[in-house]
Each structure stands twice: as C-alpha cells, then as structure tokens.
>>> print(open('entry_10.cif').read())   # mmCIF, C-alpha atoms
data_entry
#
loop_
_atom_site.label_atom_id
_atom_site.label_comp_id
_atom_site.auth_asym_id
_atom_site.auth_seq_id
_atom_site.Cartn_x
_atom_site.Cartn_y
_atom_site.Cartn_z
CA TRP G 1 0.00 0.00 0.00
CA LEU G 2 2.72 2.46 0.96
CA ALA G 3 4.91 1.41 -1.98
CA LEU G 4 1.99 1.91 -4.36
CA GLU G 5 1.31 5.33 -2.91
CA LEU G 6 4.96 6.37 -3.20
CA TRP G 7 5.18 5.06 -6.76
CA SER G 8 1.89 6.58 -7.95
CA THR G 9 2.67 10.05 -6.59
CA ARG G 10 6.41 9.85 -7.29
CA GLY G 11 6.93 10.79 -3.64
CA LEU G 12 5.63 14.31 -4.24
CA HIS G 13 3.49 14.44 -1.09
CA TRP G 14 6.34 13.08 1.00
CA ASP G 15 8.64 15.74 -0.44
CA GLY G 16 6.14 18.39 0.65
CA LEU G 17 6.00 16.85 4.12
CA ALA G 18 9.80 16.87 4.40
CA ASP G 19 10.12 20.43 3.11
CA LEU G 20 7.45 21.69 5.50
CA GLY G 21 9.07 19.78 8.36
CA ASP G 22 12.41 21.45 7.65
CA ALA G 23 10.87 24.92 7.32
CA CYS G 24 8.71 24.66 10.45
CA GLY G 25 11.43 22.96 12.48
CA SER G 26 13.91 25.69 11.66
CA GLY G 27 11.90 28.31 13.49
CA ALA G 28 12.43 30.66 10.55
CA THR G 29 9.78 33.13 9.41
CA GLY G 30 8.99 35.08 6.28
CA ALA G 31 11.48 34.96 3.42
CA ARG G 32 13.83 32.59 5.26
CA PHE G 33 10.94 30.14 5.85
CA ARG G 34 10.15 30.22 2.11
CA GLU G 35 13.82 29.73 1.26
CA ILE G 36 14.01 26.61 3.44
CA LEU G 37 10.69 25.38 2.01
CA ARG G 38 12.11 25.62 -1.54
CA ASP G 39 15.47 24.05 -0.65
CA SER G 40 15.69 20.59 -2.23
CA ARG G 41 18.09 19.26 0.42
CA LEU G 42 16.74 17.13 3.24
CA GLY G 43 17.39 18.51 6.72
CA ALA G 44 17.07 16.96 10.14
CA PHE G 45 13.49 18.10 10.74
CA GLY G 46 12.42 16.93 7.29
CA ALA G 47 13.99 13.53 7.91
CA LEU G 48 12.29 13.26 11.29
CA SER G 49 8.95 14.22 9.74
CA LEU G 50 9.34 11.52 7.10
CA LEU G 51 10.39 8.93 9.66
CA LEU G 52 7.56 9.65 12.08
CA ILE G 53 4.74 9.88 9.53
CA PHE G 54 5.97 6.91 7.47
CA SER G 55 6.37 4.79 10.62
CA GLY G 56 2.94 5.82 11.84
CA GLN G 57 1.35 4.93 8.52
CA TRP G 58 3.28 1.65 8.40
CA LEU G 59 2.12 0.61 11.87
CA ALA G 60 -1.49 1.65 11.27
CA LEU G 61 -1.45 -0.10 7.90
CA ALA G 62 -0.09 -3.30 9.47
CA TRP G 63 -2.82 -3.22 12.09
CA HIS G 64 -5.56 -2.65 9.50
CA LEU G 65 -4.23 -5.49 7.35
CA ALA G 66 -4.03 -7.81 10.36
CA VAL G 67 -7.70 -7.31 11.19
CA GLY G 68 -8.89 -7.23 7.57
CA HIS G 69 -9.94 -3.59 7.29
CA TRP G 70 -9.40 -3.48 3.53
CA PRO G 71 -12.09 -0.87 2.75
CA LEU G 72 -10.39 1.60 5.08
CA LEU G 73 -7.18 1.27 3.10
CA VAL G 74 -9.07 2.39 0.00
CA LEU G 75 -10.72 5.29 1.83
CA ALA G 76 -7.54 6.63 3.51
CA PRO G 77 -6.06 8.13 0.30
CA ALA G 78 -9.42 9.72 -0.54
CA TRP G 79 -9.54 11.27 2.94
CA GLY G 80 -5.97 12.52 2.56
CA ARG G 81 -6.70 14.22 -0.73
CA ALA G 82 -9.85 15.78 0.72
CA CYS G 83 -7.60 17.23 3.43
CA ALA G 84 -5.67 19.11 0.77
CA VAL G 85 -8.92 20.57 -0.55
CA TRP G 86 -10.02 21.60 2.96
CA LEU G 87 -6.66 23.25 3.49
CA ALA G 88 -6.84 25.07 0.14
CA ALA G 89 -10.25 26.39 1.21
CA SER G 90 -8.81 27.62 4.51
CA ALA G 91 -5.72 29.63 3.59
CA PRO G 92 -4.64 32.11 0.93
CA PRO G 93 -2.06 31.06 -1.66
CA HIS G 94 1.53 32.24 -1.58
CA SER G 95 1.52 32.79 -5.33
CA PRO G 96 -1.44 32.53 -7.72
CA THR G 97 0.68 30.57 -10.22
CA SER G 98 2.00 28.02 -7.72
CA LEU G 99 0.37 24.66 -7.02
CA GLY G 100 -1.08 26.16 -3.84
CA GLY G 101 -2.43 29.09 -5.85
CA LEU G 102 -4.00 26.83 -8.45
CA ALA G 103 -5.59 24.68 -5.72
CA CYS G 104 -6.98 27.74 -3.94
CA ALA G 105 -8.32 29.13 -7.22
CA GLY G 106 -10.30 25.95 -7.80
CA ILE G 107 -12.07 26.22 -4.45
CA ASN G 108 -15.41 27.98 -4.41
CA PRO G 109 -18.35 27.83 -1.98
CA THR G 110 -19.94 24.95 -3.90
CA VAL G 111 -16.76 22.86 -3.74
CA ARG G 112 -16.44 23.61 -0.02
CA ARG G 113 -20.00 22.43 0.62
CA LEU G 114 -19.50 19.31 -1.48
CA TYR G 115 -16.36 18.32 0.39
CA ARG G 116 -18.02 18.92 3.76
CA LEU G 117 -20.95 16.80 2.62
CA ALA G 118 -18.57 14.09 1.38
CA ALA G 119 -16.78 14.06 4.76
CA PHE G 120 -20.10 13.77 6.59
CA LEU G 121 -21.24 10.93 4.32
CA LEU G 122 -17.92 9.15 4.75
CA LEU G 123 -18.22 9.43 8.52
CA CYS G 124 -21.77 8.01 8.28
CA LEU G 125 -20.46 5.15 6.13
CA LEU G 126 -17.69 4.47 8.63
CA ALA G 127 -20.22 4.50 11.49
CA ALA G 128 -22.40 2.04 9.56
CA GLN G 129 -19.35 -0.20 9.15
CA GLY G 130 -18.74 -0.27 12.91
CA LEU G 131 -16.67 2.83 13.65
CA SER G 132 -17.73 4.14 17.06
CA LEU G 133 -19.18 7.59 17.61
CA TRP G 134 -16.02 8.50 19.54
CA GLN G 135 -13.80 7.48 16.63
CA CYS G 136 -15.91 9.56 14.22
CA LEU G 137 -15.71 12.54 16.56
CA LEU G 138 -11.98 12.04 17.05
CA LEU G 139 -11.38 11.81 13.29
CA SER G 140 -13.36 14.94 12.50
CA GLY G 141 -11.91 16.87 15.45
CA ALA G 142 -8.32 15.86 14.71
CA GLN G 143 -8.75 16.73 11.05
CA TYR G 144 -10.30 20.08 11.92
CA TRP G 145 -7.38 20.88 14.25
CA LEU G 146 -4.80 19.75 11.68
CA THR G 147 -6.36 21.85 8.92
CA ARG G 148 -6.59 24.91 11.19
CA TYR G 149 -2.96 24.49 12.27
CA LEU G 150 -1.64 24.16 8.72
CA ALA G 151 -3.81 27.07 7.53
CA ALA G 152 -2.60 29.31 10.38
CA THR G 153 1.01 28.36 9.63
CA ALA G 154 0.49 29.12 5.93
CA ARG G 155 -1.07 32.51 6.70
CA ARG G 156 1.75 33.38 9.11
CA GLN G 157 4.38 32.39 6.52
CA GLY G 158 2.98 34.23 3.53
CA GLY G 159 0.47 31.79 2.10
CA LEU G 160 -0.16 28.27 0.97
CA SER G 161 2.16 26.34 -1.34
CA GLY G 162 2.15 22.85 -2.78
CA ASP G 163 4.37 21.68 0.08
CA PHE G 164 1.59 22.46 2.53
CA LEU G 165 -0.87 20.49 0.39
CA GLY G 166 1.42 17.46 0.17
CA ALA G 167 1.94 17.51 3.92
CA ALA G 168 -1.83 17.81 4.46
CA ILE G 169 -2.40 14.68 2.37
CA GLU G 170 0.11 12.56 4.29
CA LEU G 171 -0.89 13.89 7.70
CA GLY G 172 -4.57 13.45 6.83
CA GLN G 173 -4.00 9.85 5.79
CA LEU G 174 -2.15 9.15 9.03
CA CYS G 175 -4.93 10.78 11.03
CA PHE G 176 -7.51 8.63 9.19
CA LEU G 177 -5.56 5.41 9.61
CA LEU G 178 -4.91 5.96 13.31
CA THR G 179 -8.41 7.04 14.29
CA THR G 180 -10.05 4.14 12.45
CA LEU G 181 -8.03 1.47 14.29
#
>>> encode(input="entry_10.cif", output="structure tokens")
Amino acid sequence: WLALELWSTRGLHWDGLADLGDACGSGATGARFREILRDSRLGAFGALSLLLIFSGQWLALAWHLAVGHWPLLVLAPAWGRACAVWLAASAPPHSPTSLGGLACAGINPTVRRLYRLAAFLLLCLLAAQGLSLWQCLLLSGAQYWLTRYLAATARRQGGLSGDFLGAAIELGQLCFLLTTL
C-alpha cells in the first residue's frame, strides 16, 4: 500500500511533508521560511517528519491489514486528498501561479460544501461499518485541528504552497488510519 502510494505520486506528497518539516522545524519566518521550504536538500526536521509519519502509517497499515480492514485502506487516500482541498479552502495562496495558488483558485463555496458533505457521508459510512461515535468525533476533530494548524502556519508564513498540500495529504492519511483502528 505504501509502496503503491509512493510510486503513484512519485513521492511528491512526501517531499512536501519533508520540506514543510524542515521549514517549520527551523523556526524561521517570512522569506527565510520560504527559502528553506524551496530548498531541495533534506534537513534533520524533514527527515524526522518523514520517519515519524511513514512509521505511523506503516504501523497503522499493518494493524488494518491484520484485522482485515481493507475498505479503510481504500478510503484513507481519498480522505488525505480531501484534506488538501479543505486546506486550500482555509488559507490564501503564496503565489497565484503556484500549485497552492491553483488549488486555492479551484475552491469555491460549492466545492467547499460538497467536500463537507462528502466528509459527513464518509463518517456516516464508517459508522455504519462499525466505527464508534467517539472514533468519528476524534477523526473529524483531529482533522479540523490539523487543517486549522496548517492554515494558520500558511497565513503566518505568507500563504499556501504545494508543500503544505502534500503535507496535508500525508498527515490526513495518518490521522484517518490511526483514528479508524
């Protein structure tokens, strides 16, 4: 599952996660934050971000496979990608021509409502499949907090970029996999 995800995305989301980890971990702000975000080299905080999120996904994936939760492994990538849309709806872009700018430009009130409805329907489907009310609340609350945190960081650092979106996908998938255990 992880190998297929890495292969199909060419590691792009993981690169965004590592870049954002380096930039946030550095404590830099403004132009220096953006410079670190664009730097192609992997730093200590980027490596730690990759290690922690990959390990978390690996462990959650192993648990889901052990108990036969195959449908959840199909839904996790969909949830992760929805996280990127929720983030794009929550923060301004850094540049209108960047990936973050293009994602933000594609978000309108109708898209926001559709993604909220899709999240609600997915939570209902998960509840019908045996997910407890507490797990549904934890998933939606954790995702809300994660989106708010990433959006606030993007606003503080001059706007949303593709690195933020890639990180949102991987963090959203981890959040989904862990809360549905």
>>> residues_around(input="entry_10.cif", residues="Ala151 (chain G)", least_positions_apart="5", cutoff="8 Å", atoms="all atoms listed in the file", output="ChimeraX atom specification")
/G:87,90-91,160
>>> write_last_selection(input="entry_10.cif", atoms="C-alpha atoms", output="short mmCIF file (atom, residue, chain, number, x, y, z; two decimals), in the coordinates of the input")
data_model
loop_
_atom_site.label_atom_id
_atom_site.label_comp_id
_atom_site.auth_asym_id
_atom_site.auth_seq_id
_atom_site.Cartn_x
_atom_site.Cartn_y
_atom_site.Cartn_z
CA LEU G 87 -6.66 23.25 3.49
CA SER G 90 -8.81 27.62 4.51
CA ALA G 91 -5.72 29.63 3.59
CA LEU G 160 -0.16 28.27 0.97
#
>>> resolve_selection(input="entry_10.cif", expression="the PyMOL selection byres ((chain G and resi 165) around 9)", output="PyMOL selection string")
chain G and resi 13+16-17+81+83-85+87-88+99-100+103+160-164+166-170
>>> residues_near_point(input="entry_10.cif", point="(8.7, 18.6, 2.7)", cutoff="10 Å", atoms="all atoms listed in the file", output="PDB file with C-alpha atoms, in the coordinates of the input")
ATOM      1  CA  LEU G  12       5.630  14.310  -4.240  1.00  0.00           C
ATOM      2  CA  HIS G  13       3.490  14.440  -1.090  1.00  0.00           C
ATOM      3  CA  TRP G  14       6.340  13.080   1.000  1.00  0.00           C
ATOM      4  CA  ASP G  15       8.640  15.740  -0.440  1.00  0.00           C
ATOM      5  CA  GLY G  16       6.140  18.390   0.650  1.00  0.00           C
ATOM      6  CA  LEU G  17       6.000  16.850   4.120  1.00  0.00           C
ATOM      7  CA  ALA G  18       9.800  16.870   4.400  1.00  0.00           C
ATOM      8  CA  ASP G  19      10.120  20.430   3.110  1.00  0.00           C
ATOM      9  CA  LEU G  20       7.450  21.690   5.500  1.00  0.00           C
ATOM     10  CA  GLY G  21       9.070  19.780   8.360  1.00  0.00           C
ATOM     11  CA  ASP G  22      12.410  21.450   7.650  1.00  0.00           C
ATOM     12  CA  ALA G  23      10.870  24.920   7.320  1.00  0.00           C
ATOM     13  CA  CYS G  24       8.710  24.660  10.450  1.00  0.00           C
ATOM     14  CA  ILE G  36      14.010  26.610   3.440  1.00  0.00           C
ATOM     15  CA  LEU G  37      10.690  25.380   2.010  1.00  0.00           C
ATOM     16  CA  ARG G  38      12.110  25.620  -1.540  1.00  0.00           C
ATOM     17  CA  ASP G  39      15.470  24.050  -0.650  1.00  0.00           C
ATOM     18  CA  SER G  40      15.690  20.590  -2.230  1.00  0.00           C
ATOM     19  CA  ARG G  41      18.090  19.260   0.420  1.00  0.00           C
ATOM     20  CA  LEU G  42      16.740  17.130   3.240  1.00  0.00           C
ATOM     21  CA  GLY G  43      17.390  18.510   6.720  1.00  0.00           C
ATOM     22  CA  PHE G  45      13.490  18.100  10.740  1.00  0.00           C
ATOM     23  CA  GLY G  46      12.420  16.930   7.290  1.00  0.00           C
ATOM     24  CA  ALA G  47      13.990  13.530   7.910  1.00  0.00           C
ATOM     25  CA  SER G  49       8.950  14.220   9.740  1.00  0.00           C
ATOM     26  CA  LEU G  50       9.340  11.520   7.100  1.00  0.00           C
ATOM     27  CA  GLY G 162       2.150  22.850  -2.780  1.00  0.00           C
ATOM     28  CA  ASP G 163       4.370  21.680   0.080  1.00  0.00           C
ATOM     29  CA  PHE G 164       1.590  22.460   2.530  1.00  0.00           C
ATOM     30  CA  GLY G 166       1.420  17.460   0.170  1.00  0.00           C
ATOM     31  CA  ALA G 167       1.940  17.510   3.920  1.00  0.00           C
TER      32      ALA G 167
END
>>> atom_distance(input="entry_10.cif", atom1="CA of Ala152 (chain G)", atom2="CA of Cys124 (chain G)")
28.7 Å
>>> residues_around(input="entry_10.cif", residues="Ala3 (chain G)", least_positions_apart="5", cutoff="12 Å", atoms="all atoms listed in the file", output="PyMOL selection string")
chain G and resi 8-11+54+57-58+61
